[in-house]
There are 6 protein chains.
Amino acid sequence: MTDTLDSPAITSISRLTVPEIADLPQALQDQLASLERQLGYIPNWARAFALGGAHAARFNDYLLALLDPNSGLLPYVDREILATVTSAENGCSYCRLNHAGSLGEAIGDHKLGTRVAIDYREVRELSARHRTLAEFASKLALHPGEVTDADIDVLRELGLTDEAIYEAVHVVSAFAAANRFSIFLQVTPDDQFFN
Amino acid sequence: MTDTLDSPAITSISRLTVPEIADLPQALQDQLASLERQLGYIPNWARAFALGGAHAARFNDYLLALLDPNSGLLPYVDREILATVTSAENGCSYCRLNHAGSLGEAIGDHKLGTRVAIDYREVRELSARHRTLAEFASKLALHPGEVTDADIDVLRELGLTDEAIYEAVHVVSAFAAANRFSIFLQVTPDDQFFN
Amino acid sequence: MTDTLDSPAITSISRLTVPEIADLPQALQDQLASLERQLGYIPNWARAFALGGAHAARFNDYLLALLDPNSGLLPYVDREILATVTSAENGCSYCRLNHAGSLGEAIGDHKLGTRVAIDYREVRELSARHRTLAEFASKLALHPGEVTDADIDVLRELGLTDEAIYEAVHVVSAFAAANRFSIFLQVTPDDQFFN
Amino acid sequence: MTDTLDSPAITSISRLTVPEIADLPQALQDQLASLERQLGYIPNWARAFALGGAHAARFNDYLLALLDPNSGLLPYVDREILATVTSAENGCSYCRLNHAGSLGEAIGDHKLGTRVAIDYREVRELSARHRTLAEFASKLALHPGEVTDADIDVLRELGLTDEAIYEAVHVVSAFAAANRFSIFLQVTPDDQFFN
Amino acid sequence: MTDTLDSPAITSISRLTVPEIADLPQALQDQLASLERQLGYIPNWARAFALGGAHAARFNDYLLALLDPNSGLLPYVDREILATVTSAENGCSYCRLNHAGSLGEAIGDHKLGTRVAIDYREVRELSARHRTLAEFASKLALHPGEVTDADIDVLRELGLTDEAIYEAVHVVSAFAAANRFSIFLQVTPDDQFFN
Amino acid sequence: MTDTLDSPAITSISRLTVPEIADLPQALQDQLASLERQLGYIPNWARAFALGGAHAARFNDYLLALLDPNSGLLPYVDREILATVTSAENGCSYCRLNHAGSLGEAIGDHKLGTRVAIDYREVRELSARHRTLAEFASKLALHPGEVTDADIDVLRELGLTDEAIYEAVHVVSAFAAANRFSIFLQVTPDDQFFN
């Protein structure tokens, strides 16, 4: 009986093939280059998701616009709350670690970002607005058929228009997809997430 | 006590606002026009989803390419099986009725299309290949964290490459999103689904 | 990789033996003849259930009386709502397709019958009375231990006596049994359901 | 803070009205008299279920024949195992206490009867045959759609014909209904169950 | 096909090794002797749990103090309600049978003790206080993350201080552990439970 | 609509009263002092759990011995895997963050510790031994009644004696309790967890 982890040698960042960047469609290559400019590195999700080729490029177009801090009907922090909670409820390790960081940066509180990425329910410090969004994300992610008219009215009481409510639906639903990509591929979290 | 349904007067096709077509971004107007050319009518999902504006246009781009009969790594029927079963597992009435028809047309058996849209588990006539795809769609839709290496090997035994397997993941995940749009908006099924 | 369904040759309407009509107890033969007179054909459920012999005859006596349009404490449409929703919640494909039709006929709206058979939750057109009955059927079918005194009071507010409430319990419970017969035998839906 | 139970005064054996015996249809009166002859008392279930009138009489006909020790394709003990386990899985207190006794008597081991009525899974003394029947009852009661061809083959390996297998399905399904009656009415367990 | 149980010969009271009493740490030997003095026999749980050695002795210290009728912030009956309901919700046959008896004795009503050990939900005779404690035990045992501030307020309305509420949490949590020991070891219920 | 978190002012580390250290039983004061010597600070769990008084002191005795790196039948890393995975499966944020650190330290890989604390299922680098222990912890934590003889044999194949297997059961069960304390009290994670 040994005390060491005796890990299998995992050398790939994905459960499936990771394509060479040079072989990717131009749109994907451009997206990866843009991410590298923003972040200083190409995140593993972008490398692993690239297996989808043109489908991946189109999905990235859709997803990246939803999380653009400089546009959107909902404040960026709202969208980060929705993305982080959805990723937690769907059980996506990669996305939880990733958004723990981006949410923490958005709200200027790294500890709170991490705690929301683990479970928003135990974060007593969460504001009423963010708790409402978190509960909405959880329900739409896990039990979409249970969202009632009353749940929508609660969002309206936050001042959200129909267009803004539906943007929230888009964020949760885009992560319904993105979480499944990451979970399925078992993308290895980036070293940068742990600093 | 009366025997009549005494229905509330539902006049809208969506739980939220349905935007005027003339007010939509040009990309969305083009997509709606294209759908009308193909189908002879604009389906309610396209009208209702348009509330998302530019987000909706990008999502449509992504989704419609995944279901294009004339492209794709997987045969079109495979993708319809994945779309139909995913919609059933997610409990999306609109998408089940829609894909009951399109799957029925694709396999040339309207009854089988309808039965798969209700529950593939009770369709003894399903081929081994389509049952395998249906089981994969169900697991990825409802319990993504439970997809094992063995489940992936089963897909490889059908002759699927990594790229084709990941295309299947895209179809299931795109419907993880699209089903949530439809369920959330409670889009009224089109009259054309019932003919 | 082929695009065809390549179905196994399913020639039987049931997962278990289907007895010859001539070999059945007289009571069952009479029930089948009566169904044929009413419907113009013997439905597959009646053929497949006949494996139960005298048990089947006694169960049919019980079930058919509960659904008799010309008797009952509850209006026939109420009982069809209960039967259809129970069958949907229990996941019985045969019964959903069957009662989509009979409910549709009872309310004079084939589309609504089909939509309720898929999922009553997404049918905004449902009347308050029928929604209440549907919610009761769902709870008693899936979580009988969770039916509270308050749930019973809601039925009383519809004007139901204790006897009528208990008739509703009978309909849901009879289908708890009948759905299990159909699901277990995987009875093939009749061609007549698809017209 | 007091140490007494301070119970509400429960004087009825049922959550709904209990009809007078004299007011019941003759068939029901005969069934109650027959039960009294057999058991020495009229069990509360029979009194409470009588609210169903003619429906109750027909259901009793069906149920009592399934549990007749002197007929049936399956040995009586098998049917008691199926009835007891189904009642436990459905969470019916009345039926668990009732069948703890009748199963205990049938197998000549009161302790084992009680333990099966609580949870067959923890009864290591259960025979392989009865464990198989118990697992079948549990699956059909709680997850009917998950019963596979392989599950049926396991029953065939016990020597059961299709008719006997389907009798087992009848027992489980009859208790799917009877358990719902008892749970819904919250029938008070008879004093005789505790001796 | 035989009508007998044909049980495997189960001669041990535990799924794992049962250590000789003479080999146990002195603290455990003392606990067993004390239990024998109180009860007139050494219960199987104490014999089977002794496999844990010093860990078992420390756990027993903790558990036995929580159930001491002569100390505690909460009345002893309250603690028996919490222990019995927790054991039922966790599905521990041994503990349900054991506490059916000890709760029955504590409240002076053997029938009620047994019925609570099966399912408190169907016991209409339960007092409001004990129902509240039972609901709290069920939620903390099965869904600890769902306990809200409002649930705590309901306990405060019973007159419980923070210290008393937290003692209730200790009882439920100690049985979260003890139930897992019994279930894992499949401890045979003592003959004394059936008298 | 504001972009700030607008948090409620949370000043306490617990949902219930936090007792003054000077008021605690001596045994508890000694435990807190010992923890402070080891860690350099008194962790919030120890402060918050102290509400339990003598119960807390006895539980701490039990728990701390189970996690003592210098004793135990199982290697310390095994016990940390069991503690971490149990805390994750039970959804205890405090314990996940705490054991992410202690597991990371034990295996000399902070990233892996964090990833296991989020979800061991997605950590392909986990050794076969640790995956086996993780799966055992998950099943015993969430579905204790489903642990089969075969699951125990898998542990024996790792070389574990009955005593060692039962020590694993103790670790999982002690955290079944400890997690419920933390979740119930909503203990605020220590600042030290985030460095």
# chains A, B, ... in the order shown; residues from 1 in each chain; ligands from 1

$ select_by_dssp --residues "segment 17-144 of chain F" --states "helix (DSSP H, G or I)" --output "ChimeraX atom specification"
/F:21-23,26-39,44-52,54-66,76-90,93-107,110-122,128-142,144

$ closest_atom_pairs --of "chain D" --to "chain F" --cutoff "10 Å" --atoms "only C-alpha atoms" --output "CSV"
residue,atom,partner,partner_atom,distance
D:Asp119,CA,F:Gly145,CA,9.6
D:Arg121,CA,F:Gly145,CA,7.4
D:Glu122,CA,F:Gly145,CA,7.8

$ write_last_selection --atoms "N, CA and C atoms" --output "PDB file, in the first residue's frame"
ATOM      1  N   ASP D 119     -37.452  -3.003   4.262  1.00  0.00           N
ATOM      2  CA  ASP D 119     -36.574  -2.868   3.094  1.00  0.00           C
ATOM      3  C   ASP D 119     -35.924  -4.206   2.766  1.00  0.00           C
ATOM      4  N   ARG D 121     -33.787  -4.878   0.707  1.00  0.00           N
ATOM      5  CA  ARG D 121     -32.369  -4.801   0.333  1.00  0.00           C
ATOM      6  C   ARG D 121     -31.447  -5.200   1.477  1.00  0.00           C
ATOM      7  N   GLU D 122     -31.895  -4.962   2.709  1.00  0.00           N
ATOM      8  CA  GLU D 122     -31.022  -5.227   3.848  1.00  0.00           C
ATOM      9  C   GLU D 122     -31.255  -6.624   4.441  1.00  0.00           C
TER      10      GLU D 122
END

$ residues_around --residues "Leu158 of chain B" --least-positions-apart "6" --cutoff "10 Å" --atoms "only C-alpha atoms" --output "list in words"
Ala128, Arg129, Thr132 and Leu133 of chain B; Met1 of chain C

$ atom_distance --atom1 "atom CA of Lys111 of chain A" --atom2 "atom CA of Phe193 of chain F"
9.1 Å

$ atom_distance --atom1 "atom CA of Thr84 of chain F" --atom2 "atom CA of Asn70 of chain F"
18.6 Å

$ residues_around --residues "segment 24-41 of chain D" --least-positions-apart "4" --cutoff "7 Å" --atoms "only C-alpha atoms" --output "ChimeraX atom specification"
/D:20,46,53-54,57

$ closest_atom_pairs --of "segment 49-111 of chain E" --to "segment 174-184 of chain E" --cutoff "12 Å" --atoms "only C-alpha atoms" --output "CSV"
residue,atom,partner,partner_atom,distance
E:Phe49,CA,E:Phe181,CA,7.1
E:Ala50,CA,E:Phe181,CA,10.7
E:Leu51,CA,E:Phe181,CA,10.5
E:Gly52,CA,E:Phe181,CA,9.9
E:Ala56,CA,E:Phe181,CA,10.2
E:Phe59,CA,E:Ala174,CA,8.7
E:Asn60,CA,E:Ala178,CA,9.4
E:Asp61,CA,E:Ala174,CA,11.2
E:Tyr62,CA,E:Ala174,CA,8.1
E:Leu63,CA,E:Ala174,CA,6.4
E:Leu64,CA,E:Ala174,CA,9.9
E:Ala65,CA,E:Ala174,CA,10.8
E:Leu66,CA,E:Ala174,CA,8.4
E:Leu67,CA,E:Ala174,CA,10.2
E:Arg79,CA,E:Phe175,CA,11.0
E:Glu80,CA,E:Phe175,CA,11.0
E:Ile81,CA,E:Phe175,CA,11.9
E:Leu82,CA,E:Phe175,CA,9.0
E:Ala83,CA,E:Phe175,CA,6.5
E:Thr84,CA,E:Phe175,CA,9.0
E:Val85,CA,E:Phe175,CA,9.8
E:Thr86,CA,E:Phe175,CA,6.6
E:Ser87,CA,E:Asn179,CA,6.2
E:Ala88,CA,E:Asn179,CA,9.3
E:Glu89,CA,E:Ala176,CA,9.8
E:Asn90,CA,E:Asn179,CA,6.8
E:Gly91,CA,E:Asn179,CA,7.9
E:Cys92,CA,E:Asn179,CA,5.6
E:Ser93,CA,E:Ile183,CA,7.6
E:Tyr94,CA,E:Ser182,CA,6.7
E:Cys95,CA,E:Asn179,CA,6.9
E:Arg96,CA,E:Asn179,CA,9.5
E:Leu97,CA,E:Ser182,CA,11.9
E:Asn98,CA,E:Ser182,CA,11.5
E:His99,CA,E:Phe175,CA,11.5

$ write_last_selection --atoms "N, CA, C and O atoms" --output "short mmCIF file (atom, residue, chain, number, x, y, z; two decimals), in the first residue's frame"
data_model
loop_
_atom_site.label_atom_id
_atom_site.label_comp_id
_atom_site.auth_asym_id
_atom_site.auth_seq_id
_atom_site.Cartn_x
_atom_site.Cartn_y
_atom_site.Cartn_z
N PHE E 49 -20.53 -2.72 15.36
CA PHE E 49 -19.79 -1.45 15.26
C PHE E 49 -18.40 -1.57 15.89
O PHE E 49 -17.51 -0.76 15.59
N ALA E 50 -18.23 -2.55 16.80
CA ALA E 50 -16.96 -2.66 17.53
C ALA E 50 -15.77 -2.91 16.60
O ALA E 50 -14.61 -2.72 17.00
N LEU E 51 -16.06 -3.30 15.37
CA LEU E 51 -14.97 -3.46 14.40
C LEU E 51 -14.15 -2.17 14.28
O LEU E 51 -12.98 -2.20 13.89
N GLY E 52 -14.76 -1.05 14.60
CA GLY E 52 -14.06 0.23 14.47
C GLY E 52 -13.05 0.52 15.57
O GLY E 52 -12.36 1.55 15.51
N ALA E 56 -14.73 3.52 17.12
CA ALA E 56 -16.08 3.14 17.57
C ALA E 56 -16.33 3.62 18.99
O ALA E 56 -17.42 4.12 19.32
N PHE E 59 -16.98 7.30 18.90
CA PHE E 59 -18.30 7.60 18.34
C PHE E 59 -19.40 7.24 19.33
O PHE E 59 -20.37 7.99 19.50
N ASN E 60 -19.27 6.10 19.98
CA ASN E 60 -20.29 5.70 20.97
C ASN E 60 -20.41 6.75 22.08
O ASN E 60 -21.53 7.09 22.50
N ASP E 61 -19.27 7.22 22.56
CA ASP E 61 -19.28 8.29 23.57
C ASP E 61 -20.15 9.46 23.12
O ASP E 61 -20.96 10.00 23.88
N TYR E 62 -19.92 9.84 21.89
CA TYR E 62 -20.65 10.98 21.32
C TYR E 62 -22.13 10.66 21.17
O TYR E 62 -23.00 11.43 21.60
N LEU E 63 -22.45 9.54 20.61
CA LEU E 63 -23.84 9.17 20.30
C LEU E 63 -24.65 8.93 21.57
O LEU E 63 -25.80 9.39 21.69
N LEU E 64 -24.08 8.16 22.49
CA LEU E 64 -24.86 7.77 23.66
C LEU E 64 -25.23 8.98 24.53
O LEU E 64 -26.32 9.04 25.09
N ALA E 65 -24.32 9.96 24.59
CA ALA E 65 -24.64 11.17 25.34
C ALA E 65 -25.80 11.93 24.70
O ALA E 65 -26.63 12.52 25.39
N LEU E 66 -25.86 11.91 23.34
CA LEU E 66 -26.94 12.62 22.65
C LEU E 66 -28.31 12.01 22.95
O LEU E 66 -29.33 12.69 22.86
N LEU E 67 -28.33 10.72 23.26
CA LEU E 67 -29.61 10.03 23.49
C LEU E 67 -29.85 9.74 24.98
O LEU E 67 -30.74 8.96 25.31
N ARG E 79 -35.76 14.15 20.94
CA ARG E 79 -34.55 13.54 20.37
C ARG E 79 -34.85 12.16 19.77
O ARG E 79 -34.28 11.78 18.75
N GLU E 80 -35.80 11.44 20.36
CA GLU E 80 -36.19 10.15 19.78
C GLU E 80 -36.93 10.34 18.45
O GLU E 80 -36.76 9.56 17.52
N ILE E 81 -37.77 11.38 18.39
CA ILE E 81 -38.44 11.69 17.11
C ILE E 81 -37.38 11.97 16.05
O ILE E 81 -37.42 11.43 14.94
N LEU E 82 -36.40 12.80 16.38
CA LEU E 82 -35.36 13.16 15.41
C LEU E 82 -34.57 11.91 14.98
O LEU E 82 -34.29 11.72 13.80
N ALA E 83 -34.23 11.06 15.94
CA ALA E 83 -33.45 9.87 15.64
C ALA E 83 -34.25 8.89 14.78
O ALA E 83 -33.72 8.30 13.83
N THR E 84 -35.52 8.74 15.12
CA THR E 84 -36.35 7.76 14.40
C THR E 84 -36.62 8.21 12.97
O THR E 84 -36.49 7.44 12.02
N VAL E 85 -36.99 9.48 12.83
CA VAL E 85 -37.29 9.99 11.49
C VAL E 85 -36.03 9.99 10.63
O VAL E 85 -36.05 9.62 9.46
N THR E 86 -34.91 10.42 11.20
CA THR E 86 -33.66 10.41 10.42
C THR E 86 -33.35 9.00 9.95
O THR E 86 -32.98 8.79 8.77
N SER E 87 -33.50 8.02 10.81
CA SER E 87 -33.21 6.64 10.44
C SER E 87 -34.15 6.15 9.34
O SER E 87 -33.74 5.41 8.44
N ALA E 88 -35.40 6.58 9.39
CA ALA E 88 -36.35 6.20 8.35
C ALA E 88 -35.97 6.86 7.02
O ALA E 88 -35.93 6.20 5.98
N GLU E 89 -35.66 8.15 7.07
CA GLU E 89 -35.32 8.86 5.84
C GLU E 89 -34.04 8.31 5.22
O GLU E 89 -33.90 8.24 4.01
N ASN E 90 -33.09 7.92 6.05
CA ASN E 90 -31.84 7.34 5.53
C ASN E 90 -32.00 5.88 5.13
O ASN E 90 -31.09 5.31 4.54
N GLY E 91 -33.14 5.29 5.45
CA GLY E 91 -33.39 3.91 5.04
C GLY E 91 -32.58 2.88 5.81
O GLY E 91 -32.08 1.92 5.22
N CYS E 92 -32.47 3.05 7.12
CA CYS E 92 -31.71 2.11 7.94
C CYS E 92 -32.68 1.16 8.67
O CYS E 92 -33.29 1.55 9.69
N SER E 93 -32.81 -0.07 8.19
CA SER E 93 -33.78 -1.01 8.77
C SER E 93 -33.51 -1.26 10.24
O SER E 93 -34.43 -1.27 11.06
N TYR E 94 -32.23 -1.51 10.59
CA TYR E 94 -31.90 -1.83 11.97
C TYR E 94 -32.35 -0.68 12.90
O TYR E 94 -33.02 -0.91 13.92
N CYS E 95 -32.00 0.53 12.54
CA CYS E 95 -32.29 1.68 13.41
C CYS E 95 -33.78 1.98 13.46
O CYS E 95 -34.29 2.44 14.48
N ARG E 96 -34.50 1.73 12.36
CA ARG E 96 -35.94 1.95 12.38
C ARG E 96 -36.60 0.99 13.37
O ARG E 96 -37.46 1.39 14.15
N LEU E 97 -36.21 -0.27 13.32
CA LEU E 97 -36.81 -1.25 14.22
C LEU E 97 -36.43 -0.96 15.66
O LEU E 97 -37.24 -1.08 16.58
N ASN E 98 -35.18 -0.56 15.88
CA ASN E 98 -34.71 -0.24 17.22
C ASN E 98 -35.46 0.96 17.78
O ASN E 98 -36.00 0.92 18.88
N HIS E 99 -35.53 2.04 17.01
CA HIS E 99 -36.14 3.26 17.52
C HIS E 99 -37.66 3.24 17.45
O HIS E 99 -38.31 4.02 18.15
#

$ closest_residue --among "F:Pro144, F:Gly108, F:Gly113, F:Pro19" --to "Ala48 of chain F" --atoms "only C-alpha atoms"
F:Pro19

$ atom_distance --atom1 "atom CA of Tyr120 of chain C" --atom2 "atom CA of Glu105 of chain C"
16.7 Å
